[in-house]
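Listing of data.cif, mmCIF, C-alpha atoms
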data_structure
loop_
_atom_site.label_atom_id
_atom_site.label_comp_id
_atom_site.auth_asym_id
_atom_site.auth_seq_id
_atom_site.Cartn_x
_atom_site.Cartn_y
_atom_site.Cartn_z
CA MET A 21 8.25 -19.14 12.67
CA THR A 22 6.45 -22.38 13.53
CA ALA A 23 2.77 -22.92 12.82
CA ALA A 24 2.21 -23.43 16.56
CA ALA A 25 3.65 -20.01 17.34
CA GLN A 26 1.49 -18.41 14.66
CA ASP A 27 -1.69 -20.03 15.99
CA GLU A 28 -0.93 -19.92 19.73
CA GLU A 29 -3.68 -18.34 21.79
CA VAL A 30 -2.43 -15.34 23.78
CA SER A 31 -4.68 -14.49 26.72
CA SER A 32 -2.82 -11.42 27.96
CA ILE A 33 0.03 -9.12 26.97
CA THR A 34 2.03 -7.40 29.70
CA ILE A 35 3.51 -3.92 29.33
CA SER A 36 6.34 -3.25 31.77
CA THR A 37 9.32 -0.93 32.12
CA ASN A 38 11.69 0.40 34.75
CA ARG A 39 11.60 3.85 33.20
CA GLY A 40 9.26 6.37 34.79
CA MET A 41 7.80 6.63 38.28
CA ALA A 42 9.11 4.46 41.10
CA PRO A 43 7.20 1.15 41.40
CA SER A 44 6.56 1.86 45.09
CA MET A 45 3.61 4.07 44.02
CA SER A 46 1.74 0.91 43.01
CA GLU A 47 0.26 0.57 46.52
CA PHE A 48 -1.71 3.77 45.92
CA TYR A 49 -3.36 2.52 42.71
CA ASN A 50 -7.15 2.77 43.13
CA ASN A 51 -6.58 3.48 46.81
CA GLU A 52 -8.80 5.97 48.66
CA LEU A 53 -5.91 6.92 50.95
CA LEU A 54 -5.05 10.56 50.18
CA SER A 55 -7.08 10.30 46.96
CA ASP A 56 -8.20 13.71 45.70
CA ILE A 57 -9.81 12.85 42.32
CA ASP A 58 -11.91 10.00 40.91
CA ILE A 59 -11.60 8.87 37.29
CA CYS A 60 -14.64 7.07 35.86
CA SER A 61 -15.04 5.04 32.69
CA GLU A 62 -17.97 5.56 30.36
CA GLU A 63 -19.89 2.64 31.88
CA GLY A 64 -19.35 4.00 35.40
CA GLN A 65 -16.36 2.06 36.76
CA ARG A 66 -14.63 4.34 39.29
CA PHE A 67 -10.92 4.60 40.13
CA HIS A 68 -9.59 6.52 43.14
CA CYS A 69 -6.63 8.59 41.93
CA HIS A 70 -4.14 11.25 42.99
CA LYS A 71 -3.74 14.45 41.01
CA LEU A 72 0.01 14.52 41.56
CA VAL A 73 0.41 11.18 39.79
CA LEU A 74 -1.90 12.08 36.92
CA ILE A 75 -0.33 15.45 36.11
CA ASN A 76 3.14 13.91 36.30
CA TRP A 77 2.29 11.61 33.37
CA SER A 78 -0.17 13.51 31.22
CA ALA A 79 -0.05 17.08 29.91
CA PRO A 80 -3.78 17.06 28.95
CA LEU A 81 -4.72 15.93 32.46
CA ARG A 82 -2.43 18.59 33.90
CA ARG A 83 -4.33 21.26 31.95
CA MET A 84 -7.68 19.82 33.02
CA LEU A 85 -6.78 19.60 36.72
CA THR A 86 -4.76 22.77 37.22
CA GLY A 87 -6.50 25.22 34.88
CA ASP A 88 -9.90 26.85 34.77
CA MET A 89 -11.58 23.86 33.13
CA LEU A 90 -14.67 22.37 34.77
CA GLU A 91 -12.83 19.10 35.52
CA GLY A 92 -10.36 20.99 37.70
CA ARG A 93 -13.16 22.17 39.99
CA GLU A 94 -14.92 18.82 40.28
CA ARG A 95 -14.06 15.71 42.20
CA THR A 96 -14.83 13.32 39.34
CA ILE A 97 -13.65 13.10 35.72
CA THR A 98 -15.37 10.79 33.22
CA ILE A 99 -13.23 9.41 30.39
CA HIS A 100 -15.36 8.70 27.33
CA GLY A 101 -14.67 6.24 24.54
CA CYS A 102 -13.00 3.45 26.51
CA CYS A 103 -14.05 0.61 28.80
CA GLY A 104 -13.11 0.28 32.46
CA GLU A 105 -10.54 -2.43 31.78
CA VAL A 106 -8.58 -0.23 29.37
CA LEU A 107 -8.84 2.84 31.61
CA GLY A 108 -7.72 0.76 34.58
CA ALA A 109 -4.68 -0.43 32.64
CA LEU A 110 -3.72 3.16 31.80
CA LEU A 111 -3.99 4.24 35.43
CA ARG A 112 -2.20 1.16 36.73
CA PHE A 113 0.71 1.94 34.41
CA MET A 114 0.87 5.49 35.78
CA TYR A 115 1.27 4.09 39.30
CA SER A 116 3.46 1.04 38.70
CA CYS A 117 4.89 1.24 35.14
CA GLU A 118 3.22 -2.08 34.45
CA CYS A 119 -0.13 -3.32 33.15
CA SER A 120 -1.66 -6.30 31.34
CA LEU A 121 -4.50 -6.55 28.84
CA PRO A 122 -5.94 -9.10 26.39
CA PRO A 123 -4.53 -8.59 22.84
CA GLY A 124 -7.87 -7.31 21.57
CA LYS A 125 -7.78 -4.36 23.98
CA LEU A 126 -4.13 -3.42 23.61
CA VAL A 127 -4.84 -1.18 20.61
CA ALA A 128 -7.51 0.70 22.59
CA LEU A 129 -4.95 1.26 25.34
CA THR A 130 -2.51 2.59 22.74
CA ALA A 131 -5.14 5.03 21.50
CA LEU A 132 -6.02 6.16 25.05
CA ALA A 133 -2.36 6.66 25.98
CA ASP A 134 -1.87 8.59 22.75
CA GLN A 135 -4.92 10.77 23.48
CA TYR A 136 -3.62 11.72 26.94
CA ASP A 137 0.05 12.05 25.91
CA VAL A 138 1.31 9.18 28.07
CA LEU A 139 4.16 8.89 25.61
CA LEU A 140 6.14 6.10 27.28
CA LEU A 141 3.09 3.83 27.42
CA THR A 142 2.23 4.62 23.78
CA GLU A 143 5.74 3.60 22.74
CA LEU A 144 5.68 0.39 24.80
CA CYS A 145 2.26 -0.60 23.48
CA ARG A 146 3.42 -0.24 19.89
CA GLU A 147 6.51 -2.33 20.67
CA ALA A 148 4.32 -5.05 22.19
CA ILE A 149 2.02 -5.02 19.16
CA ARG A 150 4.95 -5.30 16.75
CA GLY A 151 6.30 -8.16 18.84
CA HIS A 152 3.07 -10.15 18.45
CA LEU A 153 2.38 -9.58 14.76
CA HIS A 154 3.77 -13.04 13.97
CA ASN A 155 0.79 -14.54 15.82
CA GLN A 156 -2.13 -14.62 13.40
CA ARG A 157 -4.73 -14.60 16.19
CA CYS A 158 -3.23 -11.48 17.77
CA CYS A 159 -2.69 -9.89 14.38
CA CYS A 160 -6.35 -10.25 13.43
CA LEU A 161 -7.43 -8.78 16.79
CA PHE A 162 -5.02 -5.86 16.34
CA TYR A 163 -6.34 -5.21 12.84
CA LYS A 164 -10.00 -5.19 13.86
CA ALA A 165 -9.37 -3.06 16.94
CA ALA A 166 -7.25 -0.57 14.99
CA LYS A 167 -10.10 -0.08 12.51
CA GLU A 168 -12.49 0.64 15.37
CA VAL A 169 -10.31 3.19 17.18
CA GLN A 170 -8.78 4.66 14.00
CA GLN A 171 -5.14 3.80 14.65
CA ALA A 172 -4.09 3.78 11.01
CA ASP A 173 -0.43 2.86 11.51
CA ILE A 174 -1.29 -0.22 13.61
CA GLN A 175 -3.99 -1.16 11.10
CA GLN A 176 -1.37 -0.91 8.35
CA MET A 177 1.15 -3.08 10.22
CA ALA A 178 -1.41 -5.76 11.02
CA TRP A 179 -2.79 -5.78 7.48
CA GLU A 180 0.66 -6.23 5.96
CA SER A 181 1.31 -9.15 8.28
CA LEU A 182 -2.03 -10.81 7.48
CA SER A 183 -1.82 -10.30 3.74
CA SER A 184 1.80 -11.45 3.45
CA ASN A 185 1.01 -14.69 5.31
CA LEU A 186 -2.14 -15.73 3.47
CA GLY A 187 -0.94 -19.32 3.21
CA SER A 188 -0.82 -19.52 7.01
CA LEU A 189 -3.95 -17.46 7.55
CA VAL A 190 -6.23 -19.69 5.45
CA ARG A 191 -5.21 -22.69 7.57
CA GLN A 192 -6.45 -20.96 10.74
CA HIS A 193 -10.20 -20.83 10.26
CA ALA A 194 -10.85 -19.52 13.78
CA VAL A 195 -8.88 -16.41 12.82
CA PHE A 196 -9.98 -16.11 9.19
CA VAL A 197 -13.71 -16.12 9.98
CA GLN A 198 -13.29 -13.02 12.17
CA LEU A 199 -12.46 -10.86 9.15
CA GLU A 200 -15.05 -8.63 7.52
CA LEU A 201 -16.21 -9.16 3.93
CA GLU A 202 -14.23 -6.24 2.49
CA ASP A 203 -11.04 -7.54 4.13
CA VAL A 204 -11.59 -11.06 2.79
CA LEU A 205 -12.14 -9.71 -0.73
CA LEU A 206 -9.02 -7.56 -0.57
CA LEU A 207 -6.96 -10.50 0.67
CA CYS A 208 -8.21 -12.47 -2.33
CA GLY A 209 -7.28 -9.69 -4.74
CA LYS A 210 -10.80 -8.42 -5.38
CA PRO A 211 -11.94 -4.78 -5.01
CA ALA A 212 -13.94 -4.13 -1.86
CA PRO A 213 -17.59 -3.07 -2.23
CA ALA A 214 -18.02 0.69 -2.62
CA ALA A 215 -19.79 0.91 0.72
CA ALA A 216 -16.73 -0.54 2.44
CA ALA A 217 -14.26 1.92 0.93
CA ALA A 218 -14.04 3.91 4.14
CA ALA A 219 -13.08 0.77 6.02
CA ARG A 220 -10.19 -0.19 3.77
CA PRO A 221 -6.84 -0.63 5.49
CA GLY A 222 -5.17 2.71 6.05
CA SER A 223 -8.22 4.81 5.17
CA SER A 224 -9.03 5.80 8.76
CA SER A 225 -8.89 9.50 9.45
CA GLY A 226 -8.20 9.45 13.19
CA SER A 227 -6.79 12.47 14.95
CA ASN A 228 -3.94 10.64 16.71
CA ARG A 229 -0.44 11.76 15.86
CA ALA A 230 0.72 8.34 14.72
CA SER A 231 -2.19 8.06 12.29
CA GLN A 232 -1.35 11.43 10.78
CA ALA A 233 2.30 10.48 10.47
CA GLY A 234 1.41 7.24 8.71
CA SER A 235 -1.36 8.57 6.49
CA SER A 236 0.87 9.10 3.45
CA ARG A 237 2.14 5.54 3.71
CA ALA A 238 -1.35 4.13 4.16
CA ALA A 239 -2.88 6.01 1.22
CA GLY A 240 -3.91 3.79 -1.65
CA LEU A 241 -3.82 0.60 0.38
CA GLY A 242 -7.17 -0.34 -1.08
CA ASP A 243 -5.62 -0.57 -4.54
CA VAL A 244 -5.16 -4.25 -5.20
CA LEU A 245 -1.53 -4.98 -5.93
CA PHE A 246 -2.24 -8.70 -5.55
CA PRO A 247 -3.67 -11.09 -3.17
CA LEU A 248 -0.93 -11.76 -0.69
CA ARG A 249 0.40 -8.27 -0.01
CA LEU A 250 -1.66 -5.14 -0.29
CA GLY A 251 0.95 -2.57 0.58
CA PRO A 252 1.57 1.07 -0.20
CA PRO A 253 1.99 1.91 -3.88
CA GLU A 254 5.59 3.02 -3.37
CA ARG A 255 6.85 -0.53 -2.73
CA SER A 256 10.26 -1.40 -4.08
CA ALA A 257 10.70 -3.56 -7.17
CA THR A 258 12.04 -6.34 -4.92
CA ALA A 259 8.90 -6.34 -2.78
CA ALA A 260 6.70 -6.32 -5.88
CA ALA A 261 8.61 -9.28 -7.32
CA ALA A 262 8.23 -11.17 -4.03
CA ALA A 263 4.48 -10.56 -4.03
CA SER A 264 4.27 -11.72 -7.64
CA GLY A 265 6.08 -14.92 -6.70
CA GLN A 266 3.65 -15.52 -3.85
CA ALA A 267 0.73 -15.02 -6.21
CA ALA A 268 1.86 -17.92 -8.35
CA HIS A 269 1.81 -20.22 -5.33
CA ARG A 270 -1.44 -19.13 -3.73
CA PRO A 271 -3.06 -22.17 -2.05
CA GLU A 272 -6.34 -22.13 -3.99
CA TYR A 273 -7.85 -25.23 -2.40
CA LEU A 274 -7.04 -24.08 1.15
CA LEU A 275 -8.36 -20.64 0.28
CA PHE A 276 -11.62 -22.21 -0.96
CA VAL A 277 -12.02 -24.19 2.29
CA ALA A 278 -11.33 -21.06 4.37
CA LEU A 279 -13.83 -19.01 2.37
CA MET A 280 -16.52 -21.65 2.84
CA ALA A 281 -15.75 -21.69 6.59
CA TRP A 282 -16.14 -17.90 6.56
CA LEU A 283 -19.56 -18.27 4.90
CA ASP A 284 -20.73 -20.87 7.42
CA HIS A 285 -19.63 -18.80 10.43
CA LYS A 286 -22.75 -16.57 10.22
CA PRO A 287 -25.99 -17.40 8.37
CA GLU A 288 -26.27 -13.90 6.89
CA ARG A 289 -22.97 -14.36 5.06
CA GLN A 290 -24.48 -16.88 2.64
CA GLN A 291 -25.62 -14.02 0.41
CA HIS A 292 -21.95 -13.34 -0.44
CA LYS A 293 -21.23 -16.85 -1.71
CA GLN A 294 -21.00 -15.88 -5.38
CA GLN A 295 -18.60 -13.03 -4.60
CA LEU A 296 -16.31 -15.43 -2.80
CA LEU A 297 -16.49 -18.11 -5.48
CA ASP A 298 -15.36 -15.48 -7.98
CA CYS A 299 -12.17 -15.16 -5.92
CA ILE A 300 -11.13 -18.77 -6.53
CA ASN A 301 -8.98 -19.77 -9.50
CA PHE A 302 -10.20 -23.35 -9.90
CA ASP A 303 -7.95 -23.93 -12.90
CA ARG A 304 -4.92 -23.49 -10.63
CA MET A 305 -5.88 -26.54 -8.57
CA ASN A 306 -4.27 -29.86 -9.34
CA ASN A 307 -6.27 -33.04 -9.86
CA TYR A 308 -5.75 -34.17 -6.28
CA GLU A 309 -7.19 -30.91 -4.92
CA LEU A 310 -10.10 -31.02 -7.34
CA ALA A 311 -10.84 -34.58 -6.27
CA GLN A 312 -10.83 -33.48 -2.62
CA MET A 313 -13.28 -30.72 -3.40
CA ARG A 314 -15.88 -33.17 -4.69
CA ASN A 315 -16.50 -34.31 -1.09
CA HIS A 316 -16.82 -30.79 0.35
CA PRO A 317 -20.36 -30.13 1.72
CA HIS A 318 -20.71 -26.92 -0.30
CA VAL A 319 -19.87 -28.76 -3.52
CA GLN A 320 -22.21 -31.63 -2.74
CA SER A 321 -25.13 -29.25 -2.32
CA ASP A 322 -24.37 -26.78 -5.13
CA ASP A 323 -24.84 -27.68 -8.81
CA GLN A 324 -23.06 -24.52 -9.91
CA LEU A 325 -19.95 -25.53 -7.98
CA LYS A 326 -20.08 -29.00 -9.51
CA GLU A 327 -20.11 -27.34 -12.93
CA LEU A 328 -17.11 -25.20 -12.05
CA LEU A 329 -15.24 -28.30 -10.95
CA LEU A 330 -16.14 -30.08 -14.18
CA ASP A 331 -14.86 -27.12 -16.22
CA ALA A 332 -11.63 -27.06 -14.22
CA ARG A 333 -11.06 -30.78 -14.78
CA THR A 334 -11.78 -30.58 -18.52
CA PRO A 335 -8.57 -29.98 -20.54
CA THR A 336 -8.58 -26.89 -22.73
CA PRO A 337 -7.90 -27.18 -26.50
CA ALA A 338 -4.52 -25.54 -25.96
CA SER A 339 -3.49 -28.11 -23.35
CA CYS A 340 -4.76 -30.94 -25.60
CA ASN A 341 -2.62 -29.62 -28.48
CA VAL A 342 0.44 -29.61 -26.22
CA LYS A 343 -0.21 -33.21 -25.23
CA LEU A 344 -0.73 -34.26 -28.86
CA HIS A 345 2.43 -32.45 -29.88
CA ARG A 346 4.43 -34.24 -27.17
CA ALA A 347 2.89 -37.58 -28.16
CA ALA A 348 4.02 -37.03 -31.75
CA VAL A 349 7.50 -35.72 -30.97
CA MET A 350 8.63 -38.24 -28.33
CA PRO A 351 8.64 -41.30 -30.67
CA LEU A 352 10.69 -39.27 -33.20
CA LYS A 353 13.21 -38.40 -30.48
CA ARG A 354 13.49 -42.03 -29.44
CA PHE A 355 13.95 -43.06 -33.09
CA ALA A 356 16.69 -40.45 -33.56
CA SER A 357 18.54 -41.61 -30.45
CA GLU A 358 18.52 -45.21 -31.65
CA GLN A 359 20.18 -44.33 -34.95
#

Take the structure in the file and write it out as structure tokens.
Amino acid sequence: MTAAAQDEEVSSITISTNRGMAPSMSEFYNNELLSDIDICSEEGQRFHCHKLVLINWSAPLRRMLTGDMLEGRERTITIHGCCGEVLGALLRFMYSCECSLPPGKLVALTALADQYDVLLLTELCREAIRGHLHNQRCCCLFYKAAKEVQQADIQQMAWESLSSNLGSLVRQHAVFVQLELEDVLLLCGKPAPAAAAAARPGSSSGSNRASQAGSSRAAGLGDVLFPLRLGPPERSATAAAAASGQAAHRPEYLLFVALMAWLDHKPERQQHKQQLLDCINFDRMNNYELAQMRNHPHVQSDDQLKELLLDARTPTPASCNVKLHRAAVMPLKRFASEQ
């Protein structure tokens, strides 16, 4: 996967299929002709609909419109918990088997389709999300949206993709700065603050069926298994070994630059600077990286950071002993080879 593909900006994702109702019904979408029910979003956006179409797709709507419920006796139904754009996409799919939404709203559409048992749309949305997990921008949007609407399985998928591609993620500051503090700390291998425990990946307790099915897999995701992959505790030995290998090659300098960009994104984040500095292993940086850091604005203005850099550049007694040992042994080896 190229860096361009990972960072490409996706403005819209289209859901389409030839399974379901005939596309010819699309001309009746939001059309007053023969309309016998109006569906309204929470903010008041109104869609002219047809009961026959709605009950064909959704068992919950069938119960509402054909039973003794209040909605069945009224001309208007208000759908709470979603915006007009997402509701419109759901209804458009019912009429034409096709809809488009920005990546950040695709998870909300998945949740709405799940809530109203539009099973085909739920399946197609999840396929589209899986197909865009390679894109770090989309992945971050999916992760944040899944936390908001409590879609634990999508949150899990997106988190695994983000955490297993930390080297790529820290190069994309526009994506990285969108993460919340607890997510940044978990990515860096640090425990999240106690107040953020409920927001840890996989900890959502939504009522959707997919969340319930994935809850056992998501449990314990907050336990730090190391920086680059925070997966379920039942990972295989192979996966654990791969994560351990990634840990040894974590790009500390790039991570530092990304963390400082995260701090600068919002003024109120400056209070978390010490927490983020504790995430950096300065002694893992080579001399070239340490030299680069000297010119970073945060280093120039922070005496504590300058001290940390000085400590990282100062050889430890153990490393000095190794160098002295090599200096003493090499002449003996050369002498022995000359004899």

* Would you write out, as a ChimeraX atom specification, every residue that the PyMOL selection byres ((chain A and resi 98-114) around 10) captures in this file? => /A:35-37,40-43,45-46,48-50,58-69,73-74,76-78,91,96-97,115-122,125-133,136,138,140-141,169

* To do: Report the residues retrieved by the PyMOL selection byres ((chain A and resi 292) around 12) from the displayed file, expressed as a VMD selection string.
  => chain A and resid 200 to 202 204 to 205 213 279 to 280 282 to 284 286 to 291 293 to 299

* Which neighbours of A:Phe162 fall inside 8 Å, counting all atoms listed in the file, when residues of the same chain fewer than 4 positions from it are skipped, and could you give them as a list in words? ->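 After dropping sequence-adjacent residues, the list is Pro123, Gly124, Leu126, Val127, Ile149, Cys158, Ala166, Ile174, Gln175 and Ala178 of chain A.
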
* Asked: What is the atom CA of A:Glu180 to atom CA of A:Glu309 distance in Å?
  ->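 Straight-line distance from atom CA of A:Glu180 to atom CA of A:Glu309 works out to 28.1 Å.
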
* To do: Would you please work out which residue, of A:Tyr273, A:Leu189, A:Asp173, A:Tyr163, is nearest to A:Arg146 when using all atoms listed in the file?
  => A:Asp173

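The space between atom CA of A:Leu53 and atom CA of A:Ala79 spans 24.1 Å.
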
* Asked: If you measure from atom CA of A:Leu310 to atom CA of A:Ser183, what distance in Å do you get, rounded to one decimal?
  ->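 Interatomic distance, atom CA of A:Leu310 to atom CA of A:Ser183: 24.9 Å.
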
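With only C-alpha atoms as the atoms that count, the residue of A:Arg314, A:Thr34, A:Asp88, A:Lys167 with the shortest distance to A:Cys145 is A:Thr34.
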
Centre, x/y/z edge lengths, axis-aligned box for stretch 157-172 of chain A with 8 Å per side, as JSON:
{"center_x": -7.6, "center_y": -5.0, "center_z": 14.4, "size_x": 25.8, "size_y": 35.3, "size_z": 22.8}

Since the input is missing atoms for stretch 110-125 of chain A, could you rebuild it with N, CA and C atoms and give the result as a PDB file, keeping the file's coordinate frame?
ATOM      1  N   LEU A 110      -4.428   1.884  31.925  1.00  0.00           N
ATOM      2  CA  LEU A 110      -3.720   3.160  31.800  1.00  0.00           C
ATOM      3  C   LEU A 110      -3.319   3.707  33.166  1.00  0.00           C
ATOM      4  N   LEU A 111      -4.263   3.705  34.098  1.00  0.00           N
ATOM      5  CA  LEU A 111      -3.990   4.240  35.430  1.00  0.00           C
ATOM      6  C   LEU A 111      -3.002   3.368  36.202  1.00  0.00           C
ATOM      7  N   ARG A 112      -3.138   2.058  36.059  1.00  0.00           N
ATOM      8  CA  ARG A 112      -2.200   1.160  36.730  1.00  0.00           C
ATOM      9  C   ARG A 112      -0.775   1.418  36.248  1.00  0.00           C
ATOM     10  N   PHE A 113      -0.626   1.657  34.930  1.00  0.00           N
ATOM     11  CA  PHE A 113       0.710   1.940  34.410  1.00  0.00           C
ATOM     12  C   PHE A 113       1.254   3.228  35.014  1.00  0.00           C
ATOM     13  N   MET A 114       0.405   4.225  35.200  1.00  0.00           N
ATOM     14  CA  MET A 114       0.870   5.490  35.780  1.00  0.00           C
ATOM     15  C   MET A 114       1.414   5.296  37.197  1.00  0.00           C
ATOM     16  N   TYR A 115       0.849   4.324  37.915  1.00  0.00           N
ATOM     17  CA  TYR A 115       1.270   4.090  39.300  1.00  0.00           C
ATOM     18  C   TYR A 115       2.410   3.093  39.425  1.00  0.00           C
ATOM     19  N   SER A 116       2.495   2.139  38.512  1.00  0.00           N
ATOM     20  CA  SER A 116       3.460   1.040  38.700  1.00  0.00           C
ATOM     21  C   SER A 116       4.352   0.771  37.499  1.00  0.00           C
ATOM     22  N   CYS A 117       4.132   1.486  36.382  1.00  0.00           N
ATOM     23  CA  CYS A 117       4.890   1.240  35.140  1.00  0.00           C
ATOM     24  C   CYS A 117       4.697  -0.177  34.634  1.00  0.00           C
ATOM     25  N   GLU A 118       3.521  -0.731  34.920  1.00  0.00           N
ATOM     26  CA  GLU A 118       3.220  -2.080  34.450  1.00  0.00           C
ATOM     27  C   GLU A 118       1.720  -2.257  34.334  1.00  0.00           C
ATOM     28  N   CYS A 119       1.290  -2.993  33.305  1.00  0.00           N
ATOM     29  CA  CYS A 119      -0.130  -3.320  33.150  1.00  0.00           C
ATOM     30  C   CYS A 119      -0.255  -4.499  32.196  1.00  0.00           C
ATOM     31  N   SER A 120      -1.399  -5.166  32.226  1.00  0.00           N
ATOM     32  CA  SER A 120      -1.660  -6.300  31.340  1.00  0.00           C
ATOM     33  C   SER A 120      -3.071  -6.173  30.776  1.00  0.00           C
ATOM     34  N   LEU A 121      -3.204  -6.589  29.510  1.00  0.00           N
ATOM     35  CA  LEU A 121      -4.500  -6.550  28.840  1.00  0.00           C
ATOM     36  C   LEU A 121      -4.570  -7.689  27.834  1.00  0.00           C
ATOM     37  N   PRO A 122      -5.786  -8.156  27.502  1.00  0.00           N
ATOM     38  CA  PRO A 122      -5.940  -9.100  26.390  1.00  0.00           C
ATOM     39  C   PRO A 122      -5.506  -8.418  25.094  1.00  0.00           C
ATOM     40  N   PRO A 123      -5.009  -9.181  24.108  1.00  0.00           N
ATOM     41  CA  PRO A 123      -4.530  -8.590  22.840  1.00  0.00           C
ATOM     42  C   PRO A 123      -5.570  -7.701  22.167  1.00  0.00           C
ATOM     43  N   GLY A 124      -6.842  -8.075  22.250  1.00  0.00           N
ATOM     44  CA  GLY A 124      -7.870  -7.310  21.570  1.00  0.00           C
ATOM     45  C   GLY A 124      -8.099  -5.922  22.137  1.00  0.00           C
ATOM     46  N   LYS A 125      -7.594  -5.671  23.350  1.00  0.00           N
ATOM     47  CA  LYS A 125      -7.780  -4.360  23.980  1.00  0.00           C
ATOM     48  C   LYS A 125      -6.498  -3.541  24.027  1.00  0.00           C
TER      49      LYS A 125
END
